[in-house]
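Q: Dropping in input05.cif, with mmCIF, C-alpha atoms.
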```
data_final
loop_
_atom_site.label_atom_id
_atom_site.label_comp_id
_atom_site.auth_asym_id
_atom_site.auth_seq_id
_atom_site.Cartn_x
_atom_site.Cartn_y
_atom_site.Cartn_z
CA MET A 1 0.00 0.00 0.00
CA ALA A 2 1.34 3.44 -0.93
CA TYR A 3 2.12 6.06 1.67
CA GLU A 4 1.19 9.74 1.42
CA VAL A 5 4.05 12.27 1.42
CA MET A 6 3.49 15.34 3.63
CA PHE A 7 5.83 18.23 4.42
CA THR A 8 6.19 20.28 7.57
CA ARG A 9 5.95 24.01 6.99
CA SER A 10 9.70 24.54 7.40
CA ALA A 11 10.52 21.63 5.06
CA GLU A 12 8.12 23.05 2.49
CA ARG A 13 9.88 26.43 2.63
CA SER A 14 13.30 24.81 2.36
CA LEU A 15 12.18 22.78 -0.64
CA ALA A 16 10.72 25.85 -2.36
CA ALA A 17 14.05 27.68 -1.94
CA LEU A 18 15.94 25.00 -3.89
CA PRO A 19 16.54 25.14 -7.66
CA ARG A 20 13.66 23.72 -9.70
CA LYS A 21 15.64 20.73 -10.99
CA ALA A 22 16.68 19.70 -7.47
CA ARG A 23 13.12 20.16 -6.20
CA LEU A 24 11.75 17.84 -8.87
CA ARG A 25 14.39 15.18 -8.17
CA ILE A 26 13.70 15.26 -4.41
CA GLU A 27 9.93 15.11 -4.92
CA ALA A 28 10.32 12.18 -7.34
CA ALA A 29 12.60 10.30 -4.93
CA LEU A 30 10.17 10.80 -2.03
CA ALA A 31 7.23 9.72 -4.19
CA GLY A 32 9.13 6.61 -5.28
CA TYR A 33 9.93 5.78 -1.68
CA ALA A 34 6.28 6.29 -0.64
CA VAL A 35 5.09 3.83 -3.29
CA ASP A 36 7.45 1.07 -2.14
CA PRO A 37 9.07 1.77 1.26
CA GLN A 38 10.46 -1.77 1.49
CA ARG A 39 12.97 -0.96 -1.27
CA ARG A 40 15.23 1.24 0.80
CA ARG A 41 17.20 2.96 -2.00
CA ASP A 42 19.41 5.64 -0.39
CA VAL A 43 17.55 5.72 2.93
CA ARG A 44 19.39 5.47 6.24
CA LYS A 45 18.19 5.71 9.82
CA VAL A 46 19.35 8.91 11.54
CA ARG A 47 21.47 8.24 14.61
CA GLY A 48 20.63 9.81 17.94
CA CYS A 49 16.86 9.91 17.46
CA PRO A 50 14.52 8.47 20.10
CA ALA A 51 13.64 4.83 19.48
CA ASP A 52 9.91 5.55 19.63
CA ARG A 53 10.12 8.30 16.95
CA PRO A 54 12.95 7.37 14.54
CA ARG A 55 13.88 9.61 11.62
CA TYR A 56 15.25 8.57 8.27
CA ARG A 57 17.43 10.34 5.72
CA LEU A 58 17.03 10.11 1.95
CA ARG A 59 20.01 11.07 -0.21
CA VAL A 60 19.36 12.73 -3.58
CA GLY A 61 22.67 13.88 -5.06
CA VAL A 62 24.07 16.66 -2.83
CA TYR A 63 20.68 17.15 -1.15
CA ARG A 64 19.14 15.36 1.83
CA ALA A 65 15.58 14.96 3.06
CA THR A 66 14.86 13.88 6.63
CA PHE A 67 11.51 12.29 7.36
CA ARG A 68 9.48 10.28 9.84
CA ILE A 69 7.20 7.38 8.97
CA ILE A 70 3.78 7.35 10.59
CA GLN A 71 2.74 3.71 10.14
CA ASP A 72 -0.84 3.86 11.43
CA ARG A 73 -1.77 6.69 9.00
CA LEU A 74 0.50 5.54 6.12
CA VAL A 75 2.28 8.92 5.97
CA VAL A 76 5.86 9.90 5.18
CA CYS A 77 6.28 13.23 7.00
CA VAL A 78 9.23 15.21 5.62
CA VAL A 79 10.82 17.25 8.42
CA ALA A 80 13.80 18.91 6.69
CA VAL A 81 15.30 19.36 3.22
CA GLY A 82 18.67 20.87 2.35
CA LYS A 83 22.21 20.50 1.06
CA LYS A 84 24.54 17.96 2.60
CA GLU A 85 26.88 20.58 4.10
CA GLY A 86 25.59 21.50 7.56
CA PHE A 87 22.43 19.46 7.14
CA GLU A 88 20.64 18.11 10.22
#
```
Write out the structure in this file as C-alpha cells.

A:
Amino acid sequence: MAYEVMFTRSAERSLAALPRKARLRIEAALAGYAVDPQRRRDVRKVRGCPADRPRYRLRVGVYRATFRIIQDRLVVCVVAVGKKEGFE
C-alpha cells in the first residue's frame, strides 16, 4: 500500500528555496519511496533519534531529506530538506 508524502511548513519552505531541478528530483525520490518503502534505496536511519520516533534520511545527489514514517496513518512526514553541508 502506498504512503502519502506530507511536508512540515519549514521543510516546504526549504524545498521551495531550492533550484527547480533539485526540487523535482527530491519530490520524485520521495514519491518513489512512498510507493514502495520496502525498497530502501538511499535511505538510512538517523542516529541519535529516540527509538519511539525514529527519523530517516534520503540522499538525492548533494541534497538530503529527513523524514518520519507514521505507520498507522500511512504517511511519510518530511521534516527537513537541504544541502549535505551542515544538514541536520

Q: For the PyMOL selection byres ((chain A and resi 9) around 12), applied here, can you spell out every residue it catches as a list in words?

A: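 Matching residues under the PyMOL selection byres ((chain A and resi 9) around 12) are Met6, Phe7, Thr8, Ser10, Ala11, Glu12, Arg13, Ser14, Leu15, Ala16, Cys77, Val78, Val79, Ala80 and Val81 of chain A.
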
Q: Can those selected residues be exported to a file as an mmCIF file, keeping the file's coordinate frame so that it contains C-alpha atoms?

A:
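Listing of selection_16.cif after writing:
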```
data_model
loop_
_atom_site.group_PDB
_atom_site.id
_atom_site.type_symbol
_atom_site.label_atom_id
_atom_site.label_comp_id
_atom_site.auth_asym_id
_atom_site.auth_seq_id
_atom_site.Cartn_x
_atom_site.Cartn_y
_atom_site.Cartn_z
ATOM 1 C CA MET A 6 3.490 15.340 3.630
ATOM 2 C CA PHE A 7 5.830 18.230 4.420
ATOM 3 C CA THR A 8 6.190 20.280 7.570
ATOM 4 C CA SER A 10 9.700 24.540 7.400
ATOM 5 C CA ALA A 11 10.520 21.630 5.060
ATOM 6 C CA GLU A 12 8.120 23.050 2.490
ATOM 7 C CA ARG A 13 9.880 26.430 2.630
ATOM 8 C CA SER A 14 13.300 24.810 2.360
ATOM 9 C CA LEU A 15 12.180 22.780 -0.640
ATOM 10 C CA ALA A 16 10.720 25.850 -2.360
ATOM 11 C CA CYS A 77 6.280 13.230 7.000
ATOM 12 C CA VAL A 78 9.230 15.210 5.620
ATOM 13 C CA VAL A 79 10.820 17.250 8.420
ATOM 14 C CA ALA A 80 13.800 18.910 6.690
ATOM 15 C CA VAL A 81 15.300 19.360 3.220
#
```

Q: May I have the residues within 10 Å of A:Glu27 as a PyMOL selection string, using all atoms listed in the file and disregarding those fewer than 6 positions away in the same chain?

A: chain A and resi 5+15+33+60+65

Q: Restricting it to C-alpha atoms, dump the selection as a JSON list (two decimals), keeping the file's coordinate frame.

A:
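Okay, result.json is ready:
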```json
[["chain", "number", "residue", "atom", "x", "y", "z"],
["A", 5, "VAL", "CA", 4.05, 12.27, 1.42],
["A", 15, "LEU", "CA", 12.18, 22.78, -0.64],
["A", 33, "TYR", "CA", 9.93, 5.78, -1.68],
["A", 60, "VAL", "CA", 19.36, 12.73, -3.58],
["A", 65, "ALA", "CA", 15.58, 14.96, 3.06]]
```

Q: Output as JSON lines one row per residue of stretch 63-85 of chain A within 6 Å of stretch 51-56 of chain A: the closest atom pair and its distance in Å to one decimal place, counting only C-alpha atoms, sorted by chain and residue number ascending.

A:
```
{"residue": "A:Thr66", "atom": "CA", "partner": "A:Tyr56", "partner_atom": "CA", "distance": 5.6}
{"residue": "A:Phe67", "atom": "CA", "partner": "A:Tyr56", "partner_atom": "CA", "distance": 5.4}
{"residue": "A:Arg68", "atom": "CA", "partner": "A:Arg55", "partner_atom": "CA", "distance": 4.8}
```

Q: Would you write out those residues with C-alpha atoms, as a PDB file, keeping the file's coordinate frame?

A:
```pdb
ATOM      1  CA  THR A  66      14.860  13.880   6.630  1.00  0.00           C
ATOM      2  CA  PHE A  67      11.510  12.290   7.360  1.00  0.00           C
ATOM      3  CA  ARG A  68       9.480  10.280   9.840  1.00  0.00           C
TER       4      ARG A  68
END
```

Q: Using all atoms listed in the file, determine which residues lie at most 7 Å from A:Asp42, disregarding the query and same-chain residues fewer than 2 positions distant; provide the list as a PyMOL selection string.

A: chain A and resi 40+44+58-59

Q: Output C-alpha atoms of each residue in that selection to a file, as a PDB file, keeping the file's coordinate frame.

A:
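File written: result_29.pdb
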```
ATOM      1  CA  ARG A  40      15.230   1.240   0.800  1.00  0.00           C
ATOM      2  CA  ARG A  44      19.390   5.470   6.240  1.00  0.00           C
ATOM      3  CA  LEU A  58      17.030  10.110   1.950  1.00  0.00           C
ATOM      4  CA  ARG A  59      20.010  11.070  -0.210  1.00  0.00           C
TER       5      ARG A  59
END
```

Q: Step by step, work through what the PyMOL selection byres ((chain A and resi 63) around 10) selects in the shown file, and finish by giving those residues as a CSV table (one decimal) with C-alpha atoms, in the coordinates of the input.

A:
```csv
chain,number,residue,atom,x,y,z
A,18,LEU,CA,15.9,25.0,-3.9
A,22,ALA,CA,16.7,19.7,-7.5
A,23,ARG,CA,13.1,20.2,-6.2
A,25,ARG,CA,14.4,15.2,-8.2
A,26,ILE,CA,13.7,15.3,-4.4
A,58,LEU,CA,17.0,10.1,2.0
A,59,ARG,CA,20.0,11.1,-0.2
A,60,VAL,CA,19.4,12.7,-3.6
A,61,GLY,CA,22.7,13.9,-5.1
A,62,VAL,CA,24.1,16.7,-2.8
A,64,ARG,CA,19.1,15.4,1.8
A,65,ALA,CA,15.6,15.0,3.1
A,81,VAL,CA,15.3,19.4,3.2
A,82,GLY,CA,18.7,20.9,2.4
A,83,LYS,CA,22.2,20.5,1.1
A,84,LYS,CA,24.5,18.0,2.6
A,85,GLU,CA,26.9,20.6,4.1
A,87,PHE,CA,22.4,19.5,7.1
```

Q: Axis-aligned box over every listed atom of stretch 12-26 of chain A, padded by 4 Å per side: centre and edges in Å to one decimal, as JSON?

A:
```
{"center_x": 12.4, "center_y": 21.4, "center_z": -4.2, "size_x": 16.6, "size_y": 20.5, "size_z": 21.6}
```

Q: With distances taken over only C-alpha atoms, which residue among A:Pro50, A:Val43, A:Ala17, A:Gln71 lies nearest A:Leu30?

A: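 Of A:Pro50, A:Val43, A:Ala17, A:Gln71, the one nearest A:Leu30, counting only C-alpha atoms, is A:Val43.
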
Q: Quick check, in Å to one decimal: how far apart do atom CA of A:Gly48 and atom CA of A:Gly32 lie?

A: 26.1 Å

Q: Taking all atoms listed in the file into account, which of A:Ala29, A:Val35, A:Glu4, A:Val46 comes nearest A:Val76?

A: A:Glu4

Q: What does the structure give for the distance between atom CA of A:Lys45 and atom CA of A:Arg57, in Å to one decimal?

A: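 About the pair atom CA of A:Lys45 and atom CA of A:Arg57: they are 6.2 Å apart.
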